[in-house]
>>> print(open('structure_9.csv').read())   # CSV, N, CA and C atoms
chain,number,residue,atom,x,y,z
Q,18,MET,N,0.8,-1.2,0.0
Q,18,MET,CA,0.0,0.0,0.0
Q,18,MET,C,0.9,1.2,0.0
Q,19,GLY,N,0.3,2.4,0.0
Q,19,GLY,CA,1.0,3.7,-0.1
Q,19,GLY,C,1.7,4.1,1.2
Q,20,ARG,N,1.6,5.3,1.6
Q,20,ARG,CA,2.2,5.8,2.8
Q,20,ARG,C,1.9,5.0,4.0
Q,21,ASN,N,0.6,4.9,4.3
Q,21,ASN,CA,0.2,4.1,5.4
Q,21,ASN,C,-1.2,3.5,5.1
Q,22,ALA,N,-1.6,2.7,6.0
Q,22,ALA,CA,-2.9,2.0,5.8
Q,22,ALA,C,-4.1,2.8,6.0
Q,23,PHE,N,-3.9,3.9,6.8
Q,23,PHE,CA,-5.1,4.8,7.1
Q,23,PHE,C,-5.1,6.0,6.1
Q,24,PRO,N,-6.3,6.5,5.7
Q,24,PRO,CA,-6.3,7.5,4.7
Q,24,PRO,C,-5.9,8.9,5.3
Q,25,PHE,N,-6.0,9.1,6.6
Q,25,PHE,CA,-5.6,10.3,7.3
Q,25,PHE,C,-4.6,10.2,8.3
Q,26,GLU,N,-3.9,11.3,8.7
Q,26,GLU,CA,-3.0,11.2,9.8
Q,26,GLU,C,-3.7,11.3,11.1
Q,27,ARG,N,-2.9,11.2,12.2
Q,27,ARG,CA,-3.5,11.2,13.5
Q,27,ARG,C,-4.1,12.6,13.8
Q,28,ARG,N,-3.5,13.7,13.3
Q,28,ARG,CA,-4.0,15.0,13.6
Q,28,ARG,C,-5.4,15.2,12.9
Q,29,ASN,N,-5.6,14.6,11.7
Q,29,ASN,CA,-6.8,14.7,11.1
Q,29,ASN,C,-8.0,14.1,11.9
Q,30,TYR,N,-7.7,13.0,12.5
Q,30,TYR,CA,-8.7,12.3,13.4
Q,30,TYR,C,-8.9,13.1,14.6
Q,31,MET,N,-7.9,13.8,15.2
Q,31,MET,CA,-8.1,14.6,16.3
Q,31,MET,C,-9.0,15.8,16.0
Q,32,PHE,N,-8.7,16.4,14.9
Q,32,PHE,CA,-9.6,17.6,14.4
Q,32,PHE,C,-11.0,17.1,14.2
Q,33,PHE,N,-11.1,15.9,13.6
Q,33,PHE,CA,-12.5,15.4,13.4
Q,33,PHE,C,-13.2,15.1,14.7
Q,34,LEU,N,-12.6,14.6,15.7
Q,34,LEU,CA,-13.2,14.3,17.0
Q,34,LEU,C,-13.6,15.7,17.7
Q,35,ALA,N,-12.7,16.7,17.5
Q,35,ALA,CA,-13.0,18.0,18.1
Q,35,ALA,C,-14.2,18.6,17.4
Q,36,GLY,N,-14.3,18.4,16.1
Q,36,GLY,CA,-15.5,18.9,15.4
Q,36,GLY,C,-16.8,18.2,15.8
Q,37,MET,N,-16.7,16.9,16.0
Q,37,MET,CA,-17.8,16.1,16.5
Q,37,MET,C,-18.3,16.6,17.9
Q,38,GLY,N,-17.3,16.9,18.7
Q,38,GLY,CA,-17.6,17.4,20.1
Q,38,GLY,C,-18.3,18.8,20.0
Q,39,LEU,N,-17.8,19.7,19.1
Q,39,LEU,CA,-18.5,21.0,18.9
Q,39,LEU,C,-19.9,20.8,18.4
Q,40,LEU,N,-20.1,19.8,17.5
Q,40,LEU,CA,-21.4,19.6,17.0
Q,40,LEU,C,-22.4,19.1,18.1
Q,41,ALA,N,-21.9,18.2,18.9
Q,41,ALA,CA,-22.7,17.6,20.0
Q,41,ALA,C,-23.0,18.7,21.0
Q,42,LEU,N,-22.0,19.5,21.3
Q,42,LEU,CA,-22.3,20.6,22.3
Q,42,LEU,C,-23.3,21.6,21.7
Q,43,GLY,N,-23.2,22.0,20.4
Q,43,GLY,CA,-24.1,22.9,19.8
Q,43,GLY,C,-25.5,22.4,19.8
Q,44,TYR,N,-25.7,21.1,19.5
Q,44,TYR,CA,-27.0,20.6,19.5
Q,44,TYR,C,-27.6,20.4,20.9
Q,45,ILE,N,-26.8,20.1,21.9
Q,45,ILE,CA,-27.2,20.1,23.3
Q,45,ILE,C,-27.6,21.5,23.7
Q,46,LEU,N,-26.8,22.5,23.4
Q,46,LEU,CA,-27.2,23.9,23.8
Q,46,LEU,C,-28.5,24.3,23.1
Q,47,MET,N,-28.8,23.8,21.9
Q,47,MET,CA,-30.0,24.2,21.2
Q,47,MET,C,-31.3,23.5,21.8
Q,48,SER,N,-31.1,22.4,22.5
Q,48,SER,CA,-32.3,21.7,22.9
Q,48,SER,C,-32.9,22.4,24.2
Q,49,GLY,N,-34.1,21.9,24.5
Q,49,GLY,CA,-34.8,22.4,25.7
Q,49,GLY,C,-35.7,23.6,25.4
Q,50,GLY,N,-36.2,24.2,26.4
Q,50,GLY,CA,-37.1,25.3,26.3
Q,50,GLY,C,-38.5,25.0,26.1
Q,51,GLY,N,-38.9,23.8,26.2
Q,51,GLY,CA,-40.3,23.4,26.1
Q,51,GLY,C,-41.0,23.5,27.4
Q,52,VAL,N,-42.3,23.5,27.4
Q,52,VAL,CA,-43.1,23.6,28.6
Q,52,VAL,C,-44.0,22.4,28.6
Q,53,GLU,N,-44.5,22.1,29.8
Q,53,GLU,CA,-45.4,20.9,30.0
Q,53,GLU,C,-46.7,21.1,29.3
Q,54,ASP,N,-47.3,22.3,29.5
Q,54,ASP,CA,-48.6,22.6,29.0
Q,54,ASP,C,-48.5,23.2,27.6
Q,55,PRO,N,-49.1,22.6,26.6
Q,55,PRO,CA,-49.0,23.1,25.2
Q,55,PRO,C,-49.8,24.5,25.1
Q,56,ASN,N,-50.7,24.8,26.0
Q,56,ASN,CA,-51.4,26.1,25.9
Q,56,ASN,C,-50.6,27.3,26.5
Q,57,GLU,N,-49.4,27.0,27.1
Q,57,GLU,CA,-48.6,28.0,27.7
Q,57,GLU,C,-47.4,28.3,26.9
Q,58,PHE,N,-47.1,29.6,26.7
Q,58,PHE,CA,-45.9,30.0,25.9
Q,58,PHE,C,-44.8,30.4,26.8
Q,59,SER,N,-43.6,30.0,26.4
Q,59,SER,CA,-42.4,30.3,27.1
Q,59,SER,C,-41.4,31.1,26.2
Q,60,ASP,N,-40.9,32.2,26.8
Q,60,ASP,CA,-39.9,33.0,26.0
Q,60,ASP,C,-38.5,32.3,26.1
Q,61,ALA,N,-38.3,31.2,26.7
Q,61,ALA,CA,-37.0,30.6,26.8
Q,61,ALA,C,-36.5,30.1,25.5
Q,62,ILE,N,-37.3,29.9,24.5
Q,62,ILE,CA,-36.9,29.4,23.2
Q,62,ILE,C,-36.1,30.5,22.5
Q,63,PHE,N,-36.3,31.8,22.9
Q,63,PHE,CA,-35.6,32.9,22.2
Q,63,PHE,C,-34.4,33.4,23.0
Q,64,SER,N,-33.8,32.6,23.8
Q,64,SER,CA,-32.6,33.0,24.5
Q,64,SER,C,-31.4,33.1,23.6
Q,65,PHE,N,-30.4,33.8,24.1
Q,65,PHE,CA,-29.2,34.0,23.4
Q,65,PHE,C,-28.5,32.7,23.1
Q,66,ARG,N,-28.6,31.8,24.1
Q,66,ARG,CA,-28.0,30.4,23.9
Q,66,ARG,C,-28.6,29.7,22.7
Q,67,ARG,N,-29.9,29.7,22.6
Q,67,ARG,CA,-30.5,28.9,21.5
Q,67,ARG,C,-30.5,29.6,20.2
Q,68,ILE,N,-30.6,30.9,20.1
Q,68,ILE,CA,-30.7,31.6,18.9
Q,68,ILE,C,-29.3,32.0,18.3
Q,69,THR,N,-28.3,32.2,19.1
Q,69,THR,CA,-27.0,32.7,18.6
Q,69,THR,C,-25.9,31.7,18.9
Q,70,LEU,N,-25.7,31.4,20.1
Q,70,LEU,CA,-24.5,30.6,20.5
Q,70,LEU,C,-24.6,29.1,19.9
Q,71,ALA,N,-25.7,28.5,20.1
Q,71,ALA,CA,-25.8,27.1,19.6
Q,71,ALA,C,-25.6,26.9,18.1
Q,72,PRO,N,-26.2,27.8,17.3
Q,72,PRO,CA,-25.9,27.7,15.8
Q,72,PRO,C,-24.5,28.0,15.4
Q,73,LEU,N,-23.9,28.9,16.2
Q,73,LEU,CA,-22.4,29.2,15.9
Q,73,LEU,C,-21.6,28.0,16.2
Q,74,MET,N,-21.9,27.3,17.3
Q,74,MET,CA,-21.2,26.1,17.7
Q,74,MET,C,-21.3,25.0,16.7
Q,75,VAL,N,-22.5,24.9,16.1
Q,75,VAL,CA,-22.8,23.8,15.1
Q,75,VAL,C,-22.0,24.2,13.8
Q,76,LEU,N,-22.1,25.4,13.4
Q,76,LEU,CA,-21.4,25.8,12.2
Q,76,LEU,C,-19.8,25.7,12.4
Q,77,SER,N,-19.3,26.0,13.5
Q,77,SER,CA,-17.9,25.8,13.8
Q,77,SER,C,-17.5,24.3,13.8
Q,78,GLY,N,-18.4,23.5,14.3
Q,78,GLY,CA,-18.2,22.1,14.3
Q,78,GLY,C,-18.1,21.5,12.9
Q,79,TYR,N,-19.0,21.9,12.1
Q,79,TYR,CA,-19.0,21.5,10.7
Q,79,TYR,C,-17.7,22.0,10.0
Q,80,SER,N,-17.3,23.2,10.3
Q,80,SER,CA,-16.1,23.8,9.7
Q,80,SER,C,-14.9,23.0,10.1
Q,81,VAL,N,-14.8,22.7,11.3
Q,81,VAL,CA,-13.6,21.9,11.8
Q,81,VAL,C,-13.6,20.5,11.1
Q,82,ILE,N,-14.7,19.9,11.0
Q,82,ILE,CA,-14.8,18.6,10.3
Q,82,ILE,C,-14.4,18.7,8.9
Q,83,PHE,N,-14.9,19.7,8.2
Q,83,PHE,CA,-14.5,20.0,6.8
Q,83,PHE,C,-13.0,20.2,6.7
Q,84,TYR,N,-12.4,21.0,7.6
Q,84,TYR,CA,-11.0,21.2,7.6
Q,84,TYR,C,-10.2,19.9,7.8
Q,85,SER,N,-10.7,19.1,8.7
Q,85,SER,CA,-10.0,17.8,9.1
Q,85,SER,C,-10.0,16.9,7.9
Q,86,ILE,N,-11.0,16.9,7.0
Q,86,ILE,CA,-11.1,16.0,5.9
Q,86,ILE,C,-10.2,16.5,4.8
Q,87,LEU,N,-10.1,17.8,4.6
Q,87,LEU,CA,-9.4,18.4,3.4
Q,87,LEU,C,-7.9,18.6,3.7
Q,88,LYS,N,-7.5,18.8,5.0
Q,88,LYS,CA,-6.1,19.2,5.3
Q,88,LYS,C,-5.2,18.0,5.2
Q,89,ARG,N,-4.1,18.2,4.5
Q,89,ARG,CA,-3.1,17.2,4.4
Q,89,ARG,C,-1.9,17.6,5.3
Q,90,PHE,N,-1.6,16.8,6.3
Q,90,PHE,CA,-0.5,17.0,7.1
Q,90,PHE,C,0.7,16.2,6.6
Q,91,PRO,N,1.9,16.6,6.8
Q,91,PRO,CA,3.1,15.8,6.4
Q,91,PRO,C,3.1,14.5,7.2
Q,92,SER,N,3.6,13.4,6.5
Q,92,SER,CA,3.7,12.1,7.2
Q,92,SER,C,4.6,12.2,8.4
Q,93,SER,N,4.1,11.6,9.5
Q,93,SER,CA,4.9,11.6,10.7
Q,93,SER,C,5.6,10.3,10.9
Q,94,GLY,N,5.4,9.4,10.0
Q,94,GLY,CA,6.1,8.1,10.1
Q,94,GLY,C,7.5,8.1,9.5
Q,95,PRO,N,8.2,7.0,9.7
Q,95,PRO,CA,9.6,7.0,9.1
Q,95,PRO,C,9.5,6.9,7.6
Q,96,THR,N,10.4,7.5,6.9
Q,96,THR,CA,10.5,7.5,5.5
Q,96,THR,C,11.5,6.5,5.0
Q,97,ASN,N,11.0,5.5,4.3
Q,97,ASN,CA,11.9,4.4,3.8
Q,97,ASN,C,12.0,4.5,2.3
>>> encode(input="structure_9.csv", output="structure tokens")
Amino acid sequence: MGRNAFPFERRNYMFFLAGMGLLALGYILMSGGGVEDPNEFSDAIFSFRRITLAPLMVLSGYSVIFYSILKRFPSSGPTN
């Protein structure tokens, strides 16, 4: 086979995992805000956390994942 058996370097996988963590955190921040009674309205769904912070976290997570897939790092293994 070519350089190594894996398609990416270790750093690519680390960036990928960091992106997945940002995605999970963003979706967790976006959840909630519901009320028990469907006839009652709650302004909690319009909080800064759900409207601004969580979508930015999700977008940054996808950006980090995109970067981890496209970035080529130099081989860290021995050159023979």
>>> atom_distance(input="structure_9.csv", atom1="atom C of Gly43 in chain Q", atom2="atom N of Val75 in chain Q")
5.4 Å
>>> atom_distance(input="structure_9.csv", atom1="CA of Tyr79 in chain Q", atom2="atom N of Phe25 in chain Q")
18.4 Å
>>> closest_residue(input="structure_9.csv", among="Q:Arg66, Q:Gly36, Q:Tyr44, Q:Phe23", to="Phe83 in chain Q", atoms="only N, CA and C atoms")
Q:Gly36
>>> residues_around(input="structure_9.csv", residues="Ala71 in chain Q", least_positions_apart="2", cutoff="6.5 Å", atoms="only N, CA and C atoms", output="compact mmCIF listing (two decimals) with N, CA and C atoms, in the frame of the given file")
# COMPACT_ATOMS: atom_id res chain seq x y z
N LEU Q 42 -22.00 19.50 21.30
CA LEU Q 42 -22.30 20.60 22.30
C LEU Q 42 -23.30 21.60 21.70
N GLY Q 43 -23.20 22.00 20.40
CA GLY Q 43 -24.10 22.90 19.80
C GLY Q 43 -25.50 22.40 19.80
N TYR Q 44 -25.70 21.10 19.50
CA TYR Q 44 -27.00 20.60 19.50
C TYR Q 44 -27.60 20.40 20.90
N LEU Q 46 -26.80 22.50 23.40
CA LEU Q 46 -27.20 23.90 23.80
C LEU Q 46 -28.50 24.30 23.10
N MET Q 47 -28.80 23.80 21.90
CA MET Q 47 -30.00 24.20 21.20
C MET Q 47 -31.30 23.50 21.80
N PHE Q 65 -30.40 33.80 24.10
CA PHE Q 65 -29.20 34.00 23.40
C PHE Q 65 -28.50 32.70 23.10
N ARG Q 66 -28.60 31.80 24.10
CA ARG Q 66 -28.00 30.40 23.90
C ARG Q 66 -28.60 29.70 22.70
N ARG Q 67 -29.90 29.70 22.60
CA ARG Q 67 -30.50 28.90 21.50
C ARG Q 67 -30.50 29.60 20.20
N ILE Q 68 -30.60 30.90 20.10
CA ILE Q 68 -30.70 31.60 18.90
C ILE Q 68 -29.30 32.00 18.30
N THR Q 69 -28.30 32.20 19.10
CA THR Q 69 -27.00 32.70 18.60
C THR Q 69 -25.90 31.70 18.90
N LEU Q 73 -23.90 28.90 16.20
CA LEU Q 73 -22.40 29.20 15.90
C LEU Q 73 -21.60 28.00 16.20
N MET Q 74 -21.90 27.30 17.30
CA MET Q 74 -21.20 26.10 17.70
C MET Q 74 -21.30 25.00 16.70
N VAL Q 75 -22.50 24.90 16.10
CA VAL Q 75 -22.80 23.80 15.10
C VAL Q 75 -22.00 24.20 13.80
N LEU Q 76 -22.10 25.40 13.40
CA LEU Q 76 -21.40 25.80 12.20
C LEU Q 76 -19.80 25.70 12.40
>>> closest_residue(input="structure_9.csv", among="Q:Pro24, Q:Leu70, Q:Asn29, Q:Asp60", to="Ile45 in chain Q", atoms="only C-alpha atoms")
Q:Leu70
>>> atom_distance(input="structure_9.csv", atom1="atom C of Glu26 in chain Q", atom2="atom N of Ile86 in chain Q")
10.1 Å
>>> closest_residue(input="structure_9.csv", among="Q:Pro91, Q:Ser85, Q:Ala61, Q:Gly50", to="Met31 in chain Q", atoms="only N, CA and C atoms")
Q:Ser85
>>> axis_aligned_box(input="structure_9.csv", around="range 47-55 of chain Q", padding_each_side="8 Å", output="AutoDock Vina command-line options")
--center_x -39.3 --center_y 23.1 --center_z 25.6 --size_x 37.0 --size_y 20.4 --size_z 24.8
>>> select_by_dssp(input="structure_9.csv", residues="chain Q", states="helix (DSSP H, G or I)", output="VMD selection string")
chain Q and resid 27 to 47 60 to 63 65 to 87
>>> closest_residue(input="structure_9.csv", among="Q:Ser64, Q:Ala22, Q:Pro72, Q:Val81", to="Leu34 in chain Q", atoms="only N, CA and C atoms")
Q:Val81
>>> decode(input="structure_9.csv", residues="chain Q", atoms="C-alpha atoms", output="PDB file, in the first residue's frame")
ATOM      1  CA  MET Q  18       0.000   0.000   0.000  1.00  0.00           C
ATOM      2  CA  GLY Q  19       1.036   3.686  -0.130  1.00  0.00           C
ATOM      3  CA  ARG Q  20       2.224   5.810   2.755  1.00  0.00           C
ATOM      4  CA  ASN Q  21       0.210   4.073   5.439  1.00  0.00           C
ATOM      5  CA  ALA Q  22      -2.905   1.951   5.790  1.00  0.00           C
ATOM      6  CA  PHE Q  23      -5.050   4.824   7.082  1.00  0.00           C
ATOM      7  CA  PRO Q  24      -6.344   7.547   4.747  1.00  0.00           C
ATOM      8  CA  PHE Q  25      -5.635  10.350   7.271  1.00  0.00           C
ATOM      9  CA  GLU Q  26      -2.953  11.242   9.773  1.00  0.00           C
ATOM     10  CA  ARG Q  27      -3.513  11.220  13.528  1.00  0.00           C
ATOM     11  CA  ARG Q  28      -4.012  14.998  13.579  1.00  0.00           C
ATOM     12  CA  ASN Q  29      -6.847  14.703  11.058  1.00  0.00           C
ATOM     13  CA  TYR Q  30      -8.667  12.313  13.364  1.00  0.00           C
ATOM     14  CA  MET Q  31      -8.087  14.611  16.340  1.00  0.00           C
ATOM     15  CA  PHE Q  32      -9.574  17.567  14.443  1.00  0.00           C
ATOM     16  CA  PHE Q  33     -12.473  15.356  13.370  1.00  0.00           C
ATOM     17  CA  LEU Q  34     -13.203  14.342  16.970  1.00  0.00           C
ATOM     18  CA  ALA Q  35     -12.988  17.978  18.092  1.00  0.00           C
ATOM     19  CA  GLY Q  36     -15.486  18.912  15.386  1.00  0.00           C
ATOM     20  CA  MET Q  37     -17.835  16.132  16.476  1.00  0.00           C
ATOM     21  CA  GLY Q  38     -17.580  17.429  20.053  1.00  0.00           C
ATOM     22  CA  LEU Q  39     -18.467  20.953  18.917  1.00  0.00           C
ATOM     23  CA  LEU Q  40     -21.427  19.565  16.980  1.00  0.00           C
ATOM     24  CA  ALA Q  41     -22.705  17.623  19.969  1.00  0.00           C
ATOM     25  CA  LEU Q  42     -22.271  20.620  22.267  1.00  0.00           C
ATOM     26  CA  GLY Q  43     -24.091  22.894  19.820  1.00  0.00           C
ATOM     27  CA  TYR Q  44     -27.046  20.555  19.501  1.00  0.00           C
ATOM     28  CA  ILE Q  45     -27.207  20.091  23.276  1.00  0.00           C
ATOM     29  CA  LEU Q  46     -27.207  23.876  23.763  1.00  0.00           C
ATOM     30  CA  MET Q  47     -29.997  24.181  21.195  1.00  0.00           C
ATOM     31  CA  SER Q  48     -32.290  21.699  22.947  1.00  0.00           C
ATOM     32  CA  GLY Q  49     -34.795  22.397  25.672  1.00  0.00           C
ATOM     33  CA  GLY Q  50     -37.064  25.343  26.260  1.00  0.00           C
ATOM     34  CA  GLY Q  51     -40.263  23.357  26.115  1.00  0.00           C
ATOM     35  CA  VAL Q  52     -43.110  23.607  28.571  1.00  0.00           C
ATOM     36  CA  GLU Q  53     -45.362  20.891  29.957  1.00  0.00           C
ATOM     37  CA  ASP Q  54     -48.637  22.620  29.026  1.00  0.00           C
ATOM     38  CA  PRO Q  55     -49.042  23.129  25.232  1.00  0.00           C
ATOM     39  CA  ASN Q  56     -51.358  26.121  25.893  1.00  0.00           C
ATOM     40  CA  GLU Q  57     -48.618  27.990  27.744  1.00  0.00           C
ATOM     41  CA  PHE Q  58     -45.927  29.979  25.901  1.00  0.00           C
ATOM     42  CA  SER Q  59     -42.354  30.273  27.125  1.00  0.00           C
ATOM     43  CA  ASP Q  60     -39.893  32.961  26.023  1.00  0.00           C
ATOM     44  CA  ALA Q  61     -37.018  30.603  26.847  1.00  0.00           C
ATOM     45  CA  ILE Q  62     -36.870  29.448  23.226  1.00  0.00           C
ATOM     46  CA  PHE Q  63     -35.638  32.922  22.224  1.00  0.00           C
ATOM     47  CA  SER Q  64     -32.636  32.998  24.548  1.00  0.00           C
ATOM     48  CA  PHE Q  65     -29.156  33.998  23.377  1.00  0.00           C
ATOM     49  CA  ARG Q  66     -27.991  30.431  23.923  1.00  0.00           C
ATOM     50  CA  ARG Q  67     -30.512  28.887  21.520  1.00  0.00           C
ATOM     51  CA  ILE Q  68     -30.674  31.617  18.879  1.00  0.00           C
ATOM     52  CA  THR Q  69     -27.009  32.681  18.593  1.00  0.00           C
ATOM     53  CA  LEU Q  70     -24.534  30.558  20.532  1.00  0.00           C
ATOM     54  CA  ALA Q  71     -25.767  27.072  19.596  1.00  0.00           C
ATOM     55  CA  PRO Q  72     -25.934  27.674  15.814  1.00  0.00           C
ATOM     56  CA  LEU Q  73     -22.443  29.197  15.892  1.00  0.00           C
ATOM     57  CA  MET Q  74     -21.159  26.112  17.701  1.00  0.00           C
ATOM     58  CA  VAL Q  75     -22.795  23.824  15.128  1.00  0.00           C
ATOM     59  CA  LEU Q  76     -21.354  25.811  12.209  1.00  0.00           C
ATOM     60  CA  SER Q  77     -17.894  25.830  13.763  1.00  0.00           C
ATOM     61  CA  GLY Q  78     -18.168  22.071  14.334  1.00  0.00           C
ATOM     62  CA  TYR Q  79     -18.976  21.469  10.682  1.00  0.00           C
ATOM     63  CA  SER Q  80     -16.131  23.805   9.679  1.00  0.00           C
ATOM     64  CA  VAL Q  81     -13.614  21.893  11.803  1.00  0.00           C
ATOM     65  CA  ILE Q  82     -14.817  18.581  10.340  1.00  0.00           C
ATOM     66  CA  PHE Q  83     -14.530  19.979   6.801  1.00  0.00           C
ATOM     67  CA  TYR Q  84     -10.998  21.199   7.598  1.00  0.00           C
ATOM     68  CA  SER Q  85     -10.020  17.821   9.067  1.00  0.00           C
ATOM     69  CA  ILE Q  86     -11.095  16.031   5.893  1.00  0.00           C
ATOM     70  CA  LEU Q  87      -9.380  18.367   3.429  1.00  0.00           C
ATOM     71  CA  LYS Q  88      -6.141  19.203   5.285  1.00  0.00           C
ATOM     72  CA  ARG Q  89      -3.068  17.165   4.378  1.00  0.00           C
ATOM     73  CA  PHE Q  90      -0.456  16.999   7.121  1.00  0.00           C
ATOM     74  CA  PRO Q  91       3.072  15.773   6.385  1.00  0.00           C
ATOM     75  CA  SER Q  92       3.652  12.129   7.186  1.00  0.00           C
ATOM     76  CA  SER Q  93       4.871  11.631  10.743  1.00  0.00           C
ATOM     77  CA  GLY Q  94       6.090   8.098  10.149  1.00  0.00           C
ATOM     78  CA  PRO Q  95       9.577   6.968   9.097  1.00  0.00           C
ATOM     79  CA  THR Q  96      10.484   7.528   5.470  1.00  0.00           C
ATOM     80  CA  ASN Q  97      11.899   4.444   3.793  1.00  0.00           C
TER      81      ASN Q  97
END
